[in-house]
$ cat input-v7.csv   # CSV, C-alpha atoms
chain,number,residue,atom,x,y,z
A,8,MET,CA,86.4,-33.2,148.4
A,9,GLU,CA,82.9,-34.6,149.3
A,10,LEU,CA,80.3,-34.0,146.6
A,11,ILE,CA,77.2,-32.0,147.7
A,12,LYS,CA,74.1,-34.3,147.7
A,13,LEU,CA,71.4,-31.7,148.5
A,14,SER,CA,71.1,-27.9,148.0
A,15,VAL,CA,68.4,-26.1,150.1
A,16,VAL,CA,67.4,-22.7,148.7
A,17,VAL,CA,65.9,-20.4,151.3
A,18,PRO,CA,64.7,-16.9,150.1
A,19,VAL,CA,63.8,-14.5,152.9
A,20,ARG,CA,62.8,-10.9,153.4
A,21,ASP,CA,62.0,-9.0,156.6
A,22,ALA,CA,61.3,-12.2,158.6
A,23,GLU,CA,63.1,-11.4,161.9
A,24,GLY,CA,60.4,-13.0,163.9
A,25,TYR,CA,60.7,-16.4,162.0
A,26,ILE,CA,64.1,-16.8,160.4
A,27,GLY,CA,65.7,-18.0,163.7
A,28,ASP,CA,63.2,-20.9,163.9
A,29,ALA,CA,63.8,-21.7,160.2
A,30,LEU,CA,67.6,-21.8,160.6
A,31,THR,CA,67.5,-23.7,163.9
A,32,SER,CA,65.4,-26.4,162.1
A,33,LEU,CA,68.1,-26.6,159.4
A,34,THR,CA,70.8,-27.2,162.0
A,35,ARG,CA,68.8,-30.2,163.0
A,36,ASN,CA,68.9,-31.4,159.4
A,37,ALA,CA,72.5,-30.7,158.6
A,38,ARG,CA,74.8,-33.2,157.0
A,39,ARG,CA,78.3,-32.7,155.6
A,40,ASP,CA,77.0,-33.2,152.1
A,41,PHE,CA,74.2,-30.7,152.4
A,42,GLU,CA,74.4,-27.0,151.6
A,43,PHE,CA,72.0,-24.2,152.6
A,44,ILE,CA,71.8,-21.2,150.4
A,45,VAL,CA,70.0,-18.4,152.1
A,46,VAL,CA,69.1,-15.4,149.9
A,47,ASP,CA,68.3,-12.3,152.0
A,48,ASP,CA,66.2,-10.3,149.6
A,49,GLY,CA,66.8,-6.7,150.7
A,50,SER,CA,65.6,-7.2,154.3
A,51,ALA,CA,65.3,-3.9,156.2
A,52,ASP,CA,64.8,-5.4,159.7
A,53,ALA,CA,67.2,-7.6,161.7
A,54,THR,CA,66.9,-10.7,159.4
A,55,GLY,CA,70.4,-10.3,158.1
A,56,GLN,CA,72.0,-10.1,161.5
A,57,ILE,CA,70.1,-13.2,162.7
A,58,ILE,CA,71.3,-15.1,159.7
A,59,GLU,CA,74.9,-14.1,160.5
A,60,ASP,CA,74.5,-15.4,164.0
A,61,PHE,CA,74.1,-18.9,162.5
A,62,ARG,CA,77.4,-18.9,160.7
A,63,ASP,CA,79.1,-21.1,163.2
A,64,ASP,CA,76.1,-23.3,164.0
A,65,LEU,CA,75.0,-24.3,160.5
A,66,PRO,CA,77.6,-26.2,158.4
A,67,GLY,CA,77.2,-25.6,154.7
A,68,LEU,CA,75.6,-22.2,155.1
A,69,ALA,CA,76.0,-19.7,152.2
A,70,VAL,CA,74.5,-16.3,152.5
A,71,LEU,CA,73.6,-14.0,149.5
A,72,ARG,CA,72.2,-10.5,149.9
A,73,ASN,CA,70.3,-8.4,147.5
A,74,GLU,CA,70.6,-4.7,148.4
A,75,ALA,CA,67.1,-4.0,147.0
A,76,PRO,CA,64.3,-6.6,147.0
A,77,VAL,CA,63.9,-8.5,143.7
A,78,GLY,CA,60.9,-10.7,144.8
A,79,LEU,CA,60.5,-14.3,145.7
A,80,ALA,CA,60.9,-15.7,142.2
A,81,ASP,CA,64.2,-14.0,141.4
A,82,ALA,CA,65.5,-14.7,144.9
A,83,ARG,CA,64.8,-18.4,144.4
A,84,ASN,CA,66.4,-18.3,141.0
A,85,LEU,CA,69.6,-16.7,142.4
A,86,GLY,CA,69.8,-19.5,144.9
A,87,VAL,CA,69.2,-22.2,142.3
A,88,SER,CA,71.9,-20.7,140.0
A,89,LEU,CA,74.5,-21.2,142.8
A,90,ALA,CA,73.3,-24.6,143.9
A,91,SER,CA,75.8,-27.5,143.5
A,92,GLY,CA,73.9,-30.4,144.9
A,93,ARG,CA,72.7,-33.4,143.0
A,94,TYR,CA,69.3,-32.7,144.4
A,95,LEU,CA,67.5,-29.4,145.2
A,96,THR,CA,64.7,-28.4,147.5
A,97,PHE,CA,63.3,-25.1,148.8
A,98,MET,CA,62.2,-23.7,152.1
A,99,ASP,CA,60.7,-20.2,152.8
A,100,GLY,CA,62.2,-18.1,155.6
A,101,ASP,CA,59.0,-18.2,157.7
A,102,ASP,CA,58.6,-22.0,157.7
A,103,TRP,CA,60.5,-24.7,159.5
A,104,LEU,CA,61.5,-28.4,159.1
A,105,ALA,CA,61.1,-31.4,161.4
A,106,PRO,CA,64.5,-33.0,162.5
A,107,GLY,CA,65.7,-35.5,160.0
A,108,TYR,CA,63.2,-34.4,157.3
A,109,LEU,CA,65.8,-33.6,154.6
A,110,GLU,CA,67.5,-36.9,155.0
A,111,SER,CA,64.1,-38.7,154.5
A,112,LEU,CA,63.5,-36.5,151.4
A,113,VAL,CA,66.9,-37.5,149.9
A,114,GLY,CA,66.2,-41.1,150.8
A,115,ALA,CA,62.9,-41.0,148.9
A,116,ILE,CA,64.3,-39.6,145.6
A,117,GLU,CA,67.3,-42.0,145.7
A,118,ARG,CA,65.0,-45.0,146.5
A,119,LEU,CA,62.6,-44.2,143.7
A,120,GLY,CA,65.1,-42.9,141.1
A,121,CYS,CA,62.8,-40.3,139.5
A,122,ASP,CA,63.1,-36.7,138.4
A,123,PHE,CA,61.2,-35.3,141.4
A,124,VAL,CA,59.3,-36.4,144.4
A,125,ARG,CA,56.4,-34.5,146.0
A,126,VAL,CA,55.4,-34.7,149.6
A,127,ASP,CA,52.7,-33.7,152.1
A,128,HIS,CA,53.1,-30.8,154.5
A,129,VAL,CA,51.9,-29.4,157.8
A,130,GLN,CA,49.9,-26.1,157.6
A,131,VAL,CA,50.3,-23.9,160.7
A,132,GLU,CA,47.9,-21.2,161.8
A,133,GLY,CA,48.8,-20.1,165.3
A,134,ARG,CA,48.7,-23.2,167.5
A,135,LYS,CA,46.7,-25.2,164.9
A,136,ARG,CA,48.4,-27.9,162.9
A,137,THR,CA,46.8,-29.5,159.8
A,138,ILE,CA,48.4,-32.1,157.5
A,139,HIS,CA,47.8,-31.2,153.8
A,140,ARG,CA,48.2,-34.2,151.5
A,141,ALA,CA,49.5,-34.0,148.0
A,142,PRO,CA,46.5,-34.7,145.7
A,143,LEU,CA,47.8,-38.0,144.3
A,144,ALA,CA,46.6,-41.0,146.4
A,145,THR,CA,49.1,-43.4,144.8
A,146,ARG,CA,52.2,-43.4,146.9
A,147,GLU,CA,55.8,-44.7,146.4
A,148,VAL,CA,55.1,-45.4,142.7
A,149,VAL,CA,57.0,-43.7,139.8
A,150,VAL,CA,54.6,-42.2,137.2
A,151,LYS,CA,54.6,-39.7,134.4
A,152,PRO,CA,54.0,-36.1,135.4
A,153,ARG,CA,51.8,-35.4,132.3
A,154,ASP,CA,49.5,-38.2,133.3
A,155,HIS,CA,48.6,-36.4,136.6
A,156,ILE,CA,47.4,-33.0,135.2
A,157,LEU,CA,43.9,-34.1,134.4
A,158,PRO,CA,41.0,-34.6,135.1
A,159,ALA,CA,39.9,-31.1,134.9
A,160,GLU,CA,37.1,-31.4,137.5
A,161,SER,CA,39.3,-33.0,140.3
A,162,LYS,CA,42.1,-31.6,142.3
A,163,THR,CA,45.4,-32.9,140.8
A,164,MET,CA,49.1,-32.4,141.2
A,165,VAL,CA,49.1,-29.0,139.3
A,166,ASP,CA,46.7,-27.8,142.0
A,167,TYR,CA,49.5,-28.3,144.5
A,168,PRO,CA,52.1,-25.8,143.3
A,169,TYR,CA,54.2,-25.4,146.4
A,170,ALA,CA,57.9,-25.7,145.4
A,171,TRP,CA,59.0,-26.4,148.9
A,172,ALA,CA,56.8,-29.6,149.1
A,173,GLY,CA,59.3,-31.8,147.3
A,174,ILE,CA,62.8,-32.6,146.1
A,175,TYR,CA,64.1,-32.3,142.5
A,176,ARG,CA,67.0,-33.5,140.5
A,177,ARG,CA,69.1,-30.4,139.9
A,178,ASP,CA,69.8,-31.6,136.3
A,179,LEU,CA,66.2,-30.7,135.5
A,180,GLY,CA,67.8,-27.3,134.8
A,181,GLU,CA,65.5,-24.6,133.5
A,182,LEU,CA,62.5,-26.5,134.7
A,183,LEU,CA,63.5,-25.5,138.3
A,184,THR,CA,63.5,-21.8,137.6
A,185,PHE,CA,60.7,-19.4,138.1
A,186,PRO,CA,59.3,-16.5,135.9
A,187,GLY,CA,61.4,-13.8,137.5
A,188,HIS,CA,59.2,-10.9,136.5
A,189,LEU,CA,56.3,-12.2,138.6
A,190,HIS,CA,55.8,-11.1,142.2
A,191,THR,CA,52.8,-13.4,142.8
A,192,ALA,CA,51.5,-16.7,141.4
A,193,GLU,CA,55.0,-17.5,140.1
A,194,ASP,CA,54.5,-21.1,141.2
A,195,ARG,CA,51.6,-21.7,138.8
A,196,PRO,CA,53.5,-21.6,135.5
A,197,TRP,CA,56.3,-23.4,137.3
A,198,ILE,CA,54.3,-26.4,138.4
A,199,TRP,CA,52.5,-26.6,135.0
A,200,ARG,CA,55.8,-26.6,133.1
A,201,LEU,CA,57.3,-29.2,135.5
A,202,HIS,CA,54.4,-31.6,134.9
A,203,ARG,CA,54.3,-31.0,131.1
A,204,GLU,CA,58.0,-31.5,130.5
A,205,ALA,CA,59.7,-33.6,133.2
A,206,GLY,CA,59.9,-37.3,132.7
A,207,SER,CA,59.0,-39.0,136.0
A,208,PHE,CA,57.9,-38.3,139.5
A,209,ALA,CA,56.4,-39.9,142.6
A,210,VAL,CA,54.5,-38.9,145.7
A,211,VAL,CA,55.5,-40.2,149.2
A,212,SER,CA,53.8,-39.9,152.5
A,213,LEU,CA,56.2,-37.5,154.3
A,214,ALA,CA,55.1,-34.4,156.1
A,215,GLY,CA,58.1,-32.7,157.7
A,216,LEU,CA,57.8,-29.1,156.4
A,217,PHE,CA,55.7,-26.7,158.6
A,218,TYR,CA,54.2,-24.0,156.5
A,219,ARG,CA,53.0,-20.8,158.3
A,220,ARG,CA,49.8,-19.4,156.8
A,221,MET,CA,48.4,-15.9,157.3
A,222,VAL,CA,51.7,-14.3,158.2
A,223,ALA,CA,51.5,-10.6,158.4
A,224,GLY,CA,53.3,-8.9,155.5
A,225,SER,CA,53.1,-12.0,153.2
A,226,LEU,CA,51.9,-11.2,149.7
A,227,THR,CA,48.7,-13.2,150.2
A,228,GLN,CA,47.7,-10.7,152.9
A,229,ILE,CA,48.6,-7.6,150.9
A,230,GLY,CA,46.4,-6.0,148.1
A,231,ASP,CA,48.9,-4.0,146.1
A,232,ALA,CA,49.5,-3.8,142.4
A,233,ARG,CA,51.7,-7.0,142.5
A,234,GLN,CA,48.4,-9.0,142.7
A,235,LEU,CA,47.9,-8.1,139.0
A,236,HIS,CA,50.8,-10.5,138.2
A,237,PHE,CA,48.2,-13.3,138.7
A,238,PHE,CA,47.0,-12.6,135.2
A,239,ASP,CA,50.6,-12.6,133.8
A,240,ALA,CA,51.2,-15.9,135.5
A,241,PHE,CA,48.3,-17.5,133.8
A,242,ASP,CA,49.3,-16.0,130.4
A,243,LEU,CA,52.4,-18.1,130.9
A,244,VAL,CA,50.4,-21.2,131.8
A,245,PHE,CA,48.3,-20.9,128.7
A,246,GLU,CA,51.2,-20.1,126.4
A,247,GLY,CA,51.7,-23.1,124.1
A,248,LEU,CA,49.4,-25.2,126.3
A,249,GLU,CA,48.1,-28.4,124.7
A,250,GLU,CA,44.4,-28.4,123.9
A,251,GLU,CA,43.8,-31.5,126.1
A,252,PHE,CA,44.9,-29.5,129.1
A,253,THR,CA,43.1,-26.2,128.4
A,254,PRO,CA,39.8,-27.1,130.3
A,255,LYS,CA,41.9,-27.8,133.4
A,256,ALA,CA,43.9,-24.6,133.2
A,257,VAL,CA,40.7,-22.5,132.5
A,258,ARG,CA,38.9,-24.1,135.5
A,259,MET,CA,41.9,-23.4,137.7
A,260,PHE,CA,42.0,-19.8,136.5
A,261,LEU,CA,38.3,-19.2,137.1
A,262,ALA,CA,38.5,-20.6,140.6
A,263,LEU,CA,41.4,-18.4,141.6
A,264,LEU,CA,39.9,-15.4,139.9
A,265,ALA,CA,36.7,-15.8,141.9
A,266,HIS,CA,38.8,-16.2,145.1
A,267,HIS,CA,40.6,-13.0,144.4
A,268,LEU,CA,37.3,-11.2,143.8
A,269,GLU,CA,35.8,-12.7,147.0
A,270,THR,CA,38.7,-11.3,149.0
A,271,GLY,CA,38.8,-8.0,147.1
A,272,GLU,CA,38.3,-5.8,150.2
A,273,ARG,CA,42.1,-5.8,150.5
A,274,PHE,CA,42.3,-3.9,147.2
A,275,SER,CA,42.0,-0.1,146.9
A,276,PRO,CA,39.0,0.9,144.7
A,277,GLU,CA,41.4,1.8,141.9
A,278,LEU,CA,43.3,-1.5,142.0
A,279,ARG,CA,40.0,-3.5,142.3
A,280,ALA,CA,38.8,-1.7,139.1
A,281,ARG,CA,42.0,-2.6,137.3
A,282,PHE,CA,41.7,-6.2,138.6
A,283,GLU,CA,38.1,-6.6,137.4
A,284,GLU,CA,38.9,-5.1,134.0
A,285,ARG,CA,41.7,-7.6,133.4
A,286,GLY,CA,39.6,-10.4,134.7
A,287,ALA,CA,36.7,-9.6,132.4
A,288,ALA,CA,39.1,-9.3,129.4
A,289,ALA,CA,40.5,-12.7,130.2
A,290,LEU,CA,37.1,-14.3,130.5
A,291,ARG,CA,36.2,-12.9,127.0
A,292,ARG,CA,39.2,-14.5,125.5
A,293,PHE,CA,38.0,-18.0,126.4
A,294,PRO,CA,35.6,-19.8,124.0
A,295,PRO,CA,32.0,-19.2,125.3
A,296,ASP,CA,31.1,-22.9,125.0
A,297,LEU,CA,34.1,-23.8,127.3
A,298,LEU,CA,33.1,-21.2,129.8
A,299,ALA,CA,29.5,-22.5,129.7
A,300,GLU,CA,30.7,-26.1,130.5
A,301,ILE,CA,32.7,-25.2,133.6
A,302,ARG,CA,30.8,-25.0,136.8
A,303,LEU,CA,32.4,-24.1,140.2
A,304,ASP,CA,30.0,-23.5,143.0
A,305,PRO,CA,26.9,-21.3,142.6
A,306,GLU,CA,28.4,-18.4,144.6
A,307,ARG,CA,31.6,-18.3,142.5
A,308,ASP,CA,29.7,-18.8,139.3
A,309,GLN,CA,27.6,-15.8,140.1
A,310,ILE,CA,30.7,-13.7,140.9
A,311,LEU,CA,32.2,-14.4,137.5
A,312,GLN,CA,28.9,-13.9,135.7
A,313,ARG,CA,28.5,-10.5,137.4
A,314,LEU,CA,32.1,-9.6,136.3
A,315,LEU,CA,31.2,-10.2,132.7
A,316,GLU,CA,27.9,-8.4,132.9
A,317,ASP,CA,29.4,-5.3,134.7
A,318,ARG,CA,32.3,-4.9,132.3
$ encode --input "input-v7.csv" --output "structure tokens"
Amino acid sequence: MELIKLSVVVPVRDAEGYIGDALTSLTRNARRDFEFIVVDDGSADATGQIIEDFRDDLPGLAVLRNEAPVGLADARNLGVSLASGRYLTFMDGDDWLAPGYLESLVGAIERLGCDFVRVDHVQVEGRKRTIHRAPLATREVVVKPRDHILPAESKTMVDYPYAWAGIYRRDLGELLTFPGHLHTAEDRPWIWRLHREAGSFAVVSLAGLFYRRMVAGSLTQIGDARQLHFFDAFDLVFEGLEEEFTPKAVRMFLALLAHHLETGERFSPELRARFEERGAAALRRFPPDLLAEIRLDPERDQILQRLLEDR
């Protein structure tokens, strides 16, 4: 029996308009030693039937269904728990891959021999395509993940949390699982733990995943109570965090908090009040001298200052 080289975990929910494109792109990446684990997370539309239509066209397809949605993190975790490949990667059900991309991804991690490899990606908004590069300019060189968390003031690899923008040795085990109780920002504690605890990684110049932004129904477009999980996610980032990394994590938290407040029109008045209350409480837990040192841009600094003054 041929051993599985790569497991691809694809969580999806209510994506009938996109899942066909995603699975078609996987047929153009299929190999006998690749498996594709699709987790249908309680879809109420035609997603499940479209997946079934690919049974004969996509070798290595395994389909799991949750009767009720459990969220992206737990859907991914379910797929990871059933993966048997030497390597693991992710794709979301509304994205797609260039032909031959997965073979290039496997080639990169085998060539470099490290724990994980991170790649660039193509962001899609309507007809517009933009390449987004992983923050590390050094390419094709194996380095230590902990060495690329800082500096605090610059964009680094922990600011690039997309799980699907890379390939990982499956024997990293728990480092590849997500905090299952989170329904947003689950990738933030995930990327921080990966960079604090894994042994080696590299970045390569490969951009074969097409990431759809501004998809209607995605959580980034919805202002419900799940957005409060942002604070729970950063509680996990800060839990046991080494002092040297604290300024970086605080800066990231402040920037994302200000962004959420800038786009607060999607929240109901009651939810916005709860969000602001938790935000102000979080700010007060940080050392005042550290807060005073961190500067974003004048507009965002003002938003955060008002939050403290109003609460």
$ closest_residue --input "input-v7.csv" --among "A:Val19, A:Leu278, A:Leu314, A:Ala69" --to "Leu264 of chain A" --atoms "all atoms listed in the file"
A:Leu314
$ closest_residue --input "input-v7.csv" --among "A:Asp99, A:Asp60, A:Glu23, A:Asp52" --to "Leu216 of chain A" --atoms "all atoms listed in the file"
A:Asp99
$ atom_distance --input "input-v7.csv" --atom1 "atom CA of His188 of chain A" --atom2 "atom CA of Leu85 of chain A"
13.3 Å
$ residues_around --input "input-v7.csv" --residues "Gly114 of chain A" --least-positions-apart "2" --cutoff "12 Å" --atoms "all atoms listed in the file" --output "list in words"
Lys12, Leu13, Tyr94, Gly107, Tyr108, Leu109, Glu110, Ser111, Leu112, Ile116, Glu117, Arg118, Leu119, Gly120, Cys121, Val124, Glu147, Ile174, Val211 and Leu213 of chain A
$ residues_near_point --input "input-v7.csv" --point "(43.4, -24.3, 129.8)" --cutoff "12 Å" --atoms "all atoms listed in the file" --output "VMD selection string"
chain A and resid 156 to 159 196 199 241 to 261 289 to 290 292 to 294 297 to 298 301
$ residues_near_point --input "input-v7.csv" --point "(83.9, -35.3, 149.2)" --cutoff "9 Å" --atoms "all atoms listed in the file" --output "PyMOL selection string"
chain A and resi 8-11+39-40
$ atom_distance --input "input-v7.csv" --atom1 "atom CA of Phe238 of chain A" --atom2 "atom CA of Thr191 of chain A"
9.6 Å
$ atom_distance --input "input-v7.csv" --atom1 "atom CA of Leu201 of chain A" --atom2 "atom CA of Asp48 of chain A"
25.2 Å
$ residues_around --input "input-v7.csv" --residues "Asp81 of chain A" --least-positions-apart "4" --cutoff "9 Å" --atoms "all atoms listed in the file" --output "number ranges by chain"
A: 77, 85-86, 184-190
$ residues_around --input "input-v7.csv" --residues "Lys151 of chain A" --least-positions-apart "3" --cutoff "8 Å" --atoms "all atoms listed in the file" --output "PDB file with C-alpha atoms, in the coordinates of the input"
ATOM      1  CA  ASP A 154      49.500 -38.200 133.300  1.00  0.00           C
ATOM      2  CA  HIS A 155      48.600 -36.400 136.600  1.00  0.00           C
ATOM      3  CA  GLY A 206      59.900 -37.300 132.700  1.00  0.00           C
ATOM      4  CA  SER A 207      59.000 -39.000 136.000  1.00  0.00           C
ATOM      5  CA  PHE A 208      57.900 -38.300 139.500  1.00  0.00           C
TER       6      PHE A 208
END
$ closest_residue --input "input-v7.csv" --among "A:Asp127, A:Asp101, A:Glu204, A:Asp21" --to "Ala75 of chain A" --atoms "only C-alpha atoms"
A:Asp21
$ residues_around --input "input-v7.csv" --residues "Asp28 of chain A" --least-positions-apart "6" --cutoff "9 Å" --atoms "only C-alpha atoms" --output "list in words"
Gly100, Asp101, Asp102 and Trp103 of chain A
$ residues_around --input "input-v7.csv" --residues "Gly215 of chain A" --least-positions-apart "6" --cutoff "7 Å" --atoms "all atoms listed in the file" --output "PyMOL selection string"
chain A and resi 104-105+108+128
$ closest_residue --input "input-v7.csv" --among "A:Tyr25, A:Tyr218, A:Trp171, A:Phe123" --to "His202 of chain A" --atoms "only C-alpha atoms"
A:Phe123
$ closest_residue --input "input-v7.csv" --among "A:Asp296, A:Arg177, A:Leu315, A:Gln130" --to "Glu284 of chain A" --atoms "only C-alpha atoms"
A:Leu315
$ closest_residue --input "input-v7.csv" --among "A:Ile58, A:Leu71, A:Ile44, A:Ala265" --to "Phe282 of chain A" --atoms "only C-alpha atoms"
A:Ala265
$ build_atoms --input "input-v7.csv" --residues "segment 230-245 of chain A" --atoms "N, CA, C and O atoms" --output "CSV table (one decimal), in the coordinates of the input"
chain,number,residue,atom,x,y,z
A,230,GLY,N,47.1,-6.3,149.4
A,230,GLY,CA,46.4,-6.0,148.1
A,230,GLY,C,47.0,-4.9,147.3
A,230,GLY,O,46.3,-3.9,147.0
A,231,ASP,N,48.3,-5.0,146.9
A,231,ASP,CA,48.9,-4.0,146.1
A,231,ASP,C,49.0,-4.5,144.7
A,231,ASP,O,48.5,-5.5,144.3
A,232,ALA,N,49.6,-3.6,143.8
A,232,ALA,CA,49.5,-3.8,142.4
A,232,ALA,C,50.2,-5.1,142.0
A,232,ALA,O,50.0,-5.6,140.8
A,233,ARG,N,51.0,-5.7,142.8
A,233,ARG,CA,51.7,-7.0,142.5
A,233,ARG,C,50.6,-8.1,142.3
A,233,ARG,O,50.9,-9.1,141.6
A,234,GLN,N,49.4,-7.9,142.9
A,234,GLN,CA,48.4,-9.0,142.7
A,234,GLN,C,48.0,-9.1,141.2
A,234,GLN,O,47.5,-10.1,140.8
A,235,LEU,N,48.2,-8.0,140.4
A,235,LEU,CA,47.9,-8.1,139.0
A,235,LEU,C,48.8,-9.1,138.3
A,235,LEU,O,48.4,-9.5,137.2
A,236,HIS,N,49.9,-9.5,138.8
A,236,HIS,CA,50.8,-10.5,138.2
A,236,HIS,C,50.1,-11.9,138.1
A,236,HIS,O,50.6,-12.7,137.4
A,237,PHE,N,49.0,-12.0,138.9
A,237,PHE,CA,48.2,-13.3,138.7
A,237,PHE,C,47.8,-13.5,137.3
A,237,PHE,O,47.9,-14.6,136.8
A,238,PHE,N,47.4,-12.4,136.6
A,238,PHE,CA,47.0,-12.6,135.2
A,238,PHE,C,48.2,-12.9,134.3
A,238,PHE,O,48.1,-13.7,133.4
A,239,ASP,N,49.4,-12.3,134.6
A,239,ASP,CA,50.6,-12.6,133.8
A,239,ASP,C,51.0,-14.0,134.0
A,239,ASP,O,51.5,-14.7,133.1
A,240,ALA,N,50.8,-14.5,135.2
A,240,ALA,CA,51.2,-15.9,135.5
A,240,ALA,C,50.4,-16.9,134.7
A,240,ALA,O,50.9,-17.8,134.1
A,241,PHE,N,49.1,-16.6,134.6
A,241,PHE,CA,48.3,-17.5,133.8
A,241,PHE,C,48.4,-17.3,132.3
A,241,PHE,O,48.2,-18.3,131.5
A,242,ASP,N,48.9,-16.1,131.9
A,242,ASP,CA,49.3,-16.0,130.4
A,242,ASP,C,50.4,-17.0,130.1
A,242,ASP,O,50.4,-17.6,129.0
A,243,LEU,N,51.3,-17.2,131.1
A,243,LEU,CA,52.4,-18.1,130.9
A,243,LEU,C,51.9,-19.6,130.9
A,243,LEU,O,52.4,-20.4,130.2
A,244,VAL,N,50.9,-19.9,131.8
A,244,VAL,CA,50.4,-21.2,131.8
A,244,VAL,C,49.7,-21.6,130.5
A,244,VAL,O,49.9,-22.7,129.9
A,245,PHE,N,49.0,-20.6,129.9
A,245,PHE,CA,48.3,-20.9,128.7
A,245,PHE,C,49.2,-20.8,127.4
A,245,PHE,O,48.8,-21.4,126.4
